[in-house]
>>> print(open('work02.txt').read())   # compact mmCIF, C-alpha atoms
# COMPACT_ATOMS: atom_id res chain seq x y z
CA MET A 24 -14.81 35.11 -45.68
CA TYR A 25 -12.34 35.72 -48.48
CA LEU A 26 -9.48 33.28 -48.96
CA MET A 27 -6.48 33.64 -51.26
CA LYS A 28 -8.37 31.77 -53.98
CA ASP A 29 -10.88 34.66 -53.99
CA ILE A 30 -8.26 37.34 -54.69
CA THR A 31 -8.23 38.50 -58.32
CA ARG A 32 -4.76 38.07 -59.80
CA ASP A 33 -2.71 40.31 -62.06
CA GLY A 34 -3.80 39.80 -65.65
CA GLU A 35 -7.54 39.87 -64.92
CA PRO A 36 -9.20 42.80 -66.78
CA VAL A 37 -11.06 44.13 -63.69
CA LEU A 38 -7.70 45.16 -62.18
CA ARG A 39 -7.00 47.50 -65.12
CA GLN A 40 -10.45 49.11 -65.31
CA VAL A 41 -11.61 52.29 -63.61
CA ALA A 42 -14.04 51.28 -60.86
CA GLN A 43 -17.61 52.57 -60.98
CA PRO A 44 -18.87 54.92 -58.25
CA VAL A 45 -20.83 53.29 -55.44
CA GLU A 46 -24.44 54.43 -55.06
CA PHE A 47 -26.06 55.29 -51.71
CA PRO A 48 -27.80 54.02 -49.73
CA LEU A 49 -25.56 50.97 -49.91
CA SER A 50 -27.11 47.76 -51.14
CA ASP A 51 -26.90 44.66 -48.96
CA ALA A 52 -24.32 43.30 -51.41
CA ASP A 53 -22.13 46.41 -51.01
CA ARG A 54 -22.39 46.25 -47.21
CA GLN A 55 -21.35 42.60 -47.35
CA LEU A 56 -18.46 43.46 -49.67
CA ALA A 57 -17.21 46.12 -47.23
CA HIS A 58 -17.50 43.69 -44.32
CA ASP A 59 -15.75 40.86 -46.14
CA MET A 60 -12.85 43.02 -47.32
CA MET A 61 -12.20 44.38 -43.81
CA GLU A 62 -12.61 40.90 -42.34
CA TYR A 63 -9.87 39.61 -44.66
CA LEU A 64 -7.48 42.33 -43.44
CA VAL A 65 -8.24 41.69 -39.76
CA ILE A 66 -7.79 37.93 -40.09
CA SER A 67 -4.72 38.21 -42.34
CA GLN A 68 -2.95 40.34 -39.72
CA ASP A 69 -3.57 37.79 -36.94
CA GLU A 70 -0.66 35.33 -37.07
CA ASP A 71 -2.61 32.30 -35.86
CA ALA A 72 -5.68 32.90 -38.05
CA ASN A 73 -3.44 33.82 -40.97
CA GLU A 74 -1.66 30.48 -40.74
CA LYS A 75 -4.91 28.56 -40.25
CA TYR A 76 -6.47 30.01 -43.42
CA LYS A 77 -3.18 30.35 -45.37
CA LEU A 78 -3.67 34.03 -46.12
CA ARG A 79 -1.09 36.55 -47.24
CA PRO A 80 -1.10 39.47 -44.79
CA GLY A 81 -2.64 42.62 -46.15
CA VAL A 82 -3.11 46.24 -45.07
CA GLY A 83 -5.50 47.17 -47.86
CA LEU A 84 -7.94 45.44 -50.18
CA ALA A 85 -9.84 47.14 -53.01
CA ALA A 86 -13.07 45.82 -54.52
CA PRO A 87 -11.45 45.10 -57.92
CA GLN A 88 -9.09 42.72 -56.09
CA VAL A 89 -12.10 40.52 -55.34
CA GLY A 90 -13.53 40.89 -58.83
CA VAL A 91 -15.94 43.79 -58.14
CA GLY A 92 -15.47 46.89 -60.28
CA GLU A 93 -16.71 49.36 -57.66
CA ALA A 94 -14.92 52.28 -55.98
CA MET A 95 -14.56 50.76 -52.53
CA ALA A 96 -11.49 49.75 -50.53
CA ALA A 97 -10.81 48.56 -47.00
CA VAL A 98 -7.68 49.81 -45.22
CA LEU A 99 -6.24 48.54 -41.93
CA VAL A 100 -2.80 49.93 -41.11
CA PRO A 101 -1.31 48.52 -37.90
CA GLY A 102 1.04 50.54 -35.77
CA PRO A 103 3.43 49.76 -32.95
CA ASP A 104 2.23 47.86 -29.85
CA ASP A 105 -1.04 46.67 -31.44
CA ALA A 106 -2.12 50.24 -32.17
CA ILE A 107 -4.14 50.94 -35.31
CA LEU A 108 -2.81 53.86 -37.39
CA PHE A 109 -5.77 53.91 -39.77
CA LYS A 110 -8.83 51.69 -40.24
CA GLU A 111 -11.63 52.55 -42.62
CA VAL A 112 -13.70 51.40 -45.56
CA LEU A 113 -13.22 54.08 -48.21
CA ILE A 114 -16.10 54.51 -50.64
CA ASN A 115 -15.65 56.69 -53.74
CA PRO A 116 -12.31 58.02 -52.41
CA LYS A 117 -10.45 60.86 -54.11
CA ILE A 118 -7.10 62.42 -53.29
CA ILE A 119 -7.90 66.13 -53.06
CA SER A 120 -4.43 67.41 -52.14
CA HIS A 121 -0.93 66.07 -51.67
CA SER A 122 2.55 67.08 -50.66
CA VAL A 123 5.30 67.79 -53.14
CA GLN A 124 7.64 65.64 -51.03
CA GLU A 125 7.93 62.08 -52.25
CA ALA A 126 8.02 58.93 -50.17
CA ALA A 127 8.52 55.24 -50.81
CA LEU A 128 8.74 52.10 -48.73
CA SER A 129 12.39 51.09 -48.38
CA GLU A 130 11.52 47.44 -49.06
CA GLY A 131 9.24 48.28 -51.98
CA GLU A 132 5.56 47.43 -52.21
CA GLY A 133 3.69 44.19 -52.65
CA CYS A 134 0.13 43.39 -53.54
CA LEU A 135 -2.25 40.53 -52.83
CA SER A 136 -3.10 40.48 -56.55
CA VAL A 137 0.53 40.32 -57.72
CA ASP A 138 2.21 37.00 -57.02
CA LYS A 139 5.71 38.02 -58.09
CA ASP A 140 8.22 40.25 -56.34
CA VAL A 141 8.78 43.47 -58.31
CA PRO A 142 11.87 45.25 -56.94
CA GLY A 143 12.11 49.02 -56.94
CA TYR A 144 10.85 52.12 -55.20
CA VAL A 145 7.18 52.89 -55.69
CA VAL A 146 7.41 56.67 -55.45
CA ARG A 147 4.30 58.29 -53.99
CA HIS A 148 3.34 61.44 -52.08
CA ASP A 149 4.39 61.55 -48.43
CA ARG A 150 1.23 63.36 -47.31
CA ILE A 151 -2.25 63.29 -48.81
CA THR A 152 -5.74 64.50 -48.02
CA ILE A 153 -8.53 62.23 -49.18
CA ARG A 154 -12.26 62.74 -49.38
CA TYR A 155 -14.47 59.66 -49.27
CA GLN A 156 -17.81 58.39 -48.05
CA ASN A 157 -18.19 56.00 -45.14
CA LEU A 158 -20.67 53.12 -44.92
CA ASP A 159 -23.44 55.53 -43.92
CA GLY A 160 -22.82 57.76 -46.94
CA GLU A 161 -21.30 60.57 -44.86
CA THR A 162 -18.58 62.51 -46.64
CA LYS A 163 -15.32 62.45 -44.69
CA LYS A 164 -11.98 64.13 -45.19
CA VAL A 165 -8.76 62.84 -43.67
CA ARG A 166 -5.09 63.81 -43.84
CA LEU A 167 -2.57 61.00 -43.83
CA LYS A 168 1.19 60.82 -43.93
CA ASN A 169 3.92 58.24 -44.29
CA TYR A 170 2.82 54.59 -44.31
CA PRO A 171 -0.97 55.16 -44.05
CA ALA A 172 -0.74 57.65 -46.94
CA ILE A 173 1.18 55.14 -49.06
CA VAL A 174 -1.34 52.38 -48.33
CA CYS A 175 -4.29 54.59 -49.28
CA GLN A 176 -2.60 55.71 -52.51
CA HIS A 177 -2.00 52.04 -53.38
CA GLU A 178 -5.68 51.21 -52.83
CA ILE A 179 -6.98 54.29 -54.67
CA ASP A 180 -4.70 53.30 -57.56
CA HIS A 181 -6.54 49.96 -57.71
CA LEU A 182 -9.78 51.89 -58.21
CA ASN A 183 -8.19 53.61 -61.20
CA GLY A 184 -6.80 50.48 -62.86
CA ILE A 185 -3.22 51.15 -61.71
CA LEU A 186 -0.93 48.56 -60.11
CA PHE A 187 1.97 49.46 -57.82
CA TYR A 188 4.68 48.41 -60.25
CA ASP A 189 3.40 50.95 -62.79
CA HIS A 190 5.11 53.59 -60.58
CA ILE A 191 8.54 51.93 -60.60
CA ASP A 192 11.09 53.61 -62.88
CA LYS A 193 11.95 50.87 -65.37
CA GLN A 194 15.41 52.34 -66.14
CA GLN A 195 16.39 53.09 -62.53
CA PRO A 196 14.10 51.11 -60.21
CA PHE A 197 15.81 52.35 -57.04
CA HIS A 198 16.01 56.01 -58.05
CA MET A 199 14.24 58.58 -55.95
CA ASP A 200 14.47 62.32 -55.39
CA PRO A 201 17.21 62.90 -52.78
CA GLN A 202 14.69 65.02 -50.82
CA GLY A 203 12.26 62.09 -50.68
CA ILE A 204 11.61 59.97 -47.61
CA LEU A 205 12.30 56.25 -47.43
CA ILE A 206 9.96 54.61 -44.92
CA ASP A 207 11.04 51.43 -43.15
>>> encode(input="work02.txt", output="structure tokens")
Amino acid sequence: MYLMKDITRDGEPVLRQVAQPVEFPLSDADRQLAHDMMEYLVISQDEDANEKYKLRPGVGLAAPQVGVGEAMAAVLVPGPDDAILFKEVLINPKIISHSVQEAALSEGEGCLSVDKDVPGYVVRHDRITIRYQNLDGETKKVRLKNYPAIVCQHEIDHLNGILFYDHIDKQQPFHMDPQGILID
């Protein structure tokens, strides 16, 4: 099980490198990586377990964030009333289309690998379609919007060596297209 001490922090080179494609069939090590990343998200979102293990809650975790330069990320986006909006391990994910309309989280974004608060809007696409492989190597395509789309863009960025604060306008951190959507 991953603990906060296992999370790669900003400044480590692996976070700024483009992750290598994952080969199929998955190795035992890659299956374990997928399991451990999703396990972190599940435990971190449980208040009691989170407190017990002193984890920061997360909705996504990419392999580079645990020191592995592979194109794999776990995503677990909770919804209202204990619903799950999106839960998947994305392997070799690519955004294949996106909306013109922008979106950002009204409170900004955070990251398990970034220990400081970086204020500003992280402007992303409101809707995306991604293609990825699941644990069995099957190619999947999914359309996401709003919060799940933002989370997946954040994780795919990690696989391309990009951190969330790279998207913040340094001159006007809270500037956004007036047609954009702010998500609470």
>>> residues_around(input="work02.txt", residues="Val65 of chain A", least_positions_apart="4", cutoff="8 Å", atoms="all atoms listed in the file", output="compact mmCIF listing (two decimals) with C-alpha atoms, in the coordinates of the input")
# COMPACT_ATOMS: atom_id res chain seq x y z
CA MET A 61 -12.20 44.38 -43.81
CA ASP A 69 -3.57 37.79 -36.94
CA LEU A 99 -6.24 48.54 -41.93
>>> atom_distance(input="work02.txt", atom1="atom CA of Asp159 of chain A", atom2="atom CA of Cys134 of chain A")
28.2 Å
>>> residues_around(input="work02.txt", residues="segment 84-94 of chain A", least_positions_apart="4", cutoff="9 Å", atoms="all atoms listed in the file", output="number ranges by chain")
A: 25, 29-32, 35, 37-45, 56-57, 60-61, 63-64, 98-99, 113-116, 134-136, 178-179, 181-184
>>> atom_distance(input="work02.txt", atom1="atom CA of Ala72 of chain A", atom2="atom CA of Leu26 of chain A")
11.6 Å
>>> atom_distance(input="work02.txt", atom1="atom CA of Tyr170 of chain A", atom2="atom CA of Gln195 of chain A")
22.8 Å
>>> closest_residue(input="work02.txt", among="A:Val145, A:Leu128, A:Leu108, A:Val123", to="Leu167 of chain A", atoms="only C-alpha atoms")
A:Leu108
>>> residues_around(input="work02.txt", residues="Ala126 of chain A", least_positions_apart="3", cutoff="10 Å", atoms="all atoms listed in the file", output="PDB file with C-alpha atoms, in the coordinates of the input")
ATOM      1  CA  SER A 122       2.550  67.080 -50.660  1.00  0.00           C
ATOM      2  CA  VAL A 123       5.300  67.790 -53.140  1.00  0.00           C
ATOM      3  CA  SER A 129      12.390  51.090 -48.380  1.00  0.00           C
ATOM      4  CA  TYR A 144      10.850  52.120 -55.200  1.00  0.00           C
ATOM      5  CA  VAL A 145       7.180  52.890 -55.690  1.00  0.00           C
ATOM      6  CA  VAL A 146       7.410  56.670 -55.450  1.00  0.00           C
ATOM      7  CA  ARG A 147       4.300  58.290 -53.990  1.00  0.00           C
ATOM      8  CA  HIS A 148       3.340  61.440 -52.080  1.00  0.00           C
ATOM      9  CA  ASP A 149       4.390  61.550 -48.430  1.00  0.00           C
ATOM     10  CA  ARG A 150       1.230  63.360 -47.310  1.00  0.00           C
ATOM     11  CA  LYS A 168       1.190  60.820 -43.930  1.00  0.00           C
ATOM     12  CA  ASN A 169       3.920  58.240 -44.290  1.00  0.00           C
ATOM     13  CA  TYR A 170       2.820  54.590 -44.310  1.00  0.00           C
ATOM     14  CA  ALA A 172      -0.740  57.650 -46.940  1.00  0.00           C
ATOM     15  CA  ILE A 173       1.180  55.140 -49.060  1.00  0.00           C
ATOM     16  CA  MET A 199      14.240  58.580 -55.950  1.00  0.00           C
ATOM     17  CA  ASP A 200      14.470  62.320 -55.390  1.00  0.00           C
ATOM     18  CA  GLN A 202      14.690  65.020 -50.820  1.00  0.00           C
ATOM     19  CA  GLY A 203      12.260  62.090 -50.680  1.00  0.00           C
ATOM     20  CA  ILE A 204      11.610  59.970 -47.610  1.00  0.00           C
ATOM     21  CA  LEU A 205      12.300  56.250 -47.430  1.00  0.00           C
ATOM     22  CA  ILE A 206       9.960  54.610 -44.920  1.00  0.00           C
TER      23      ILE A 206
END
>>> closest_residue(input="work02.txt", among="A:Pro101, A:Gly160, A:Pro142, A:Gly83", to="Glu130 of chain A", atoms="all atoms listed in the file")
A:Pro142
>>> closest_residue(input="work02.txt", among="A:Asp207, A:Glu74, A:Asp189, A:Glu46", to="Gly143 of chain A", atoms="only C-alpha atoms")
A:Asp189
>>> axis_aligned_box(input="work02.txt", around="segment 33-44 of chain A", padding_each_side="5 Å", output="AutoDock Vina command-line options")
--center_x -10.8 --center_y 47.4 --center_z -62.5 --size_x 26.2 --size_y 25.1 --size_z 18.5
>>> residues_near_point(input="work02.txt", point="(-3.0, 61.1, -55.0)", cutoff="9 Å", atoms="all atoms listed in the file", output="PyMOL selection string")
chain A and resi 117-121+147-148+151-153+175-176+179-180
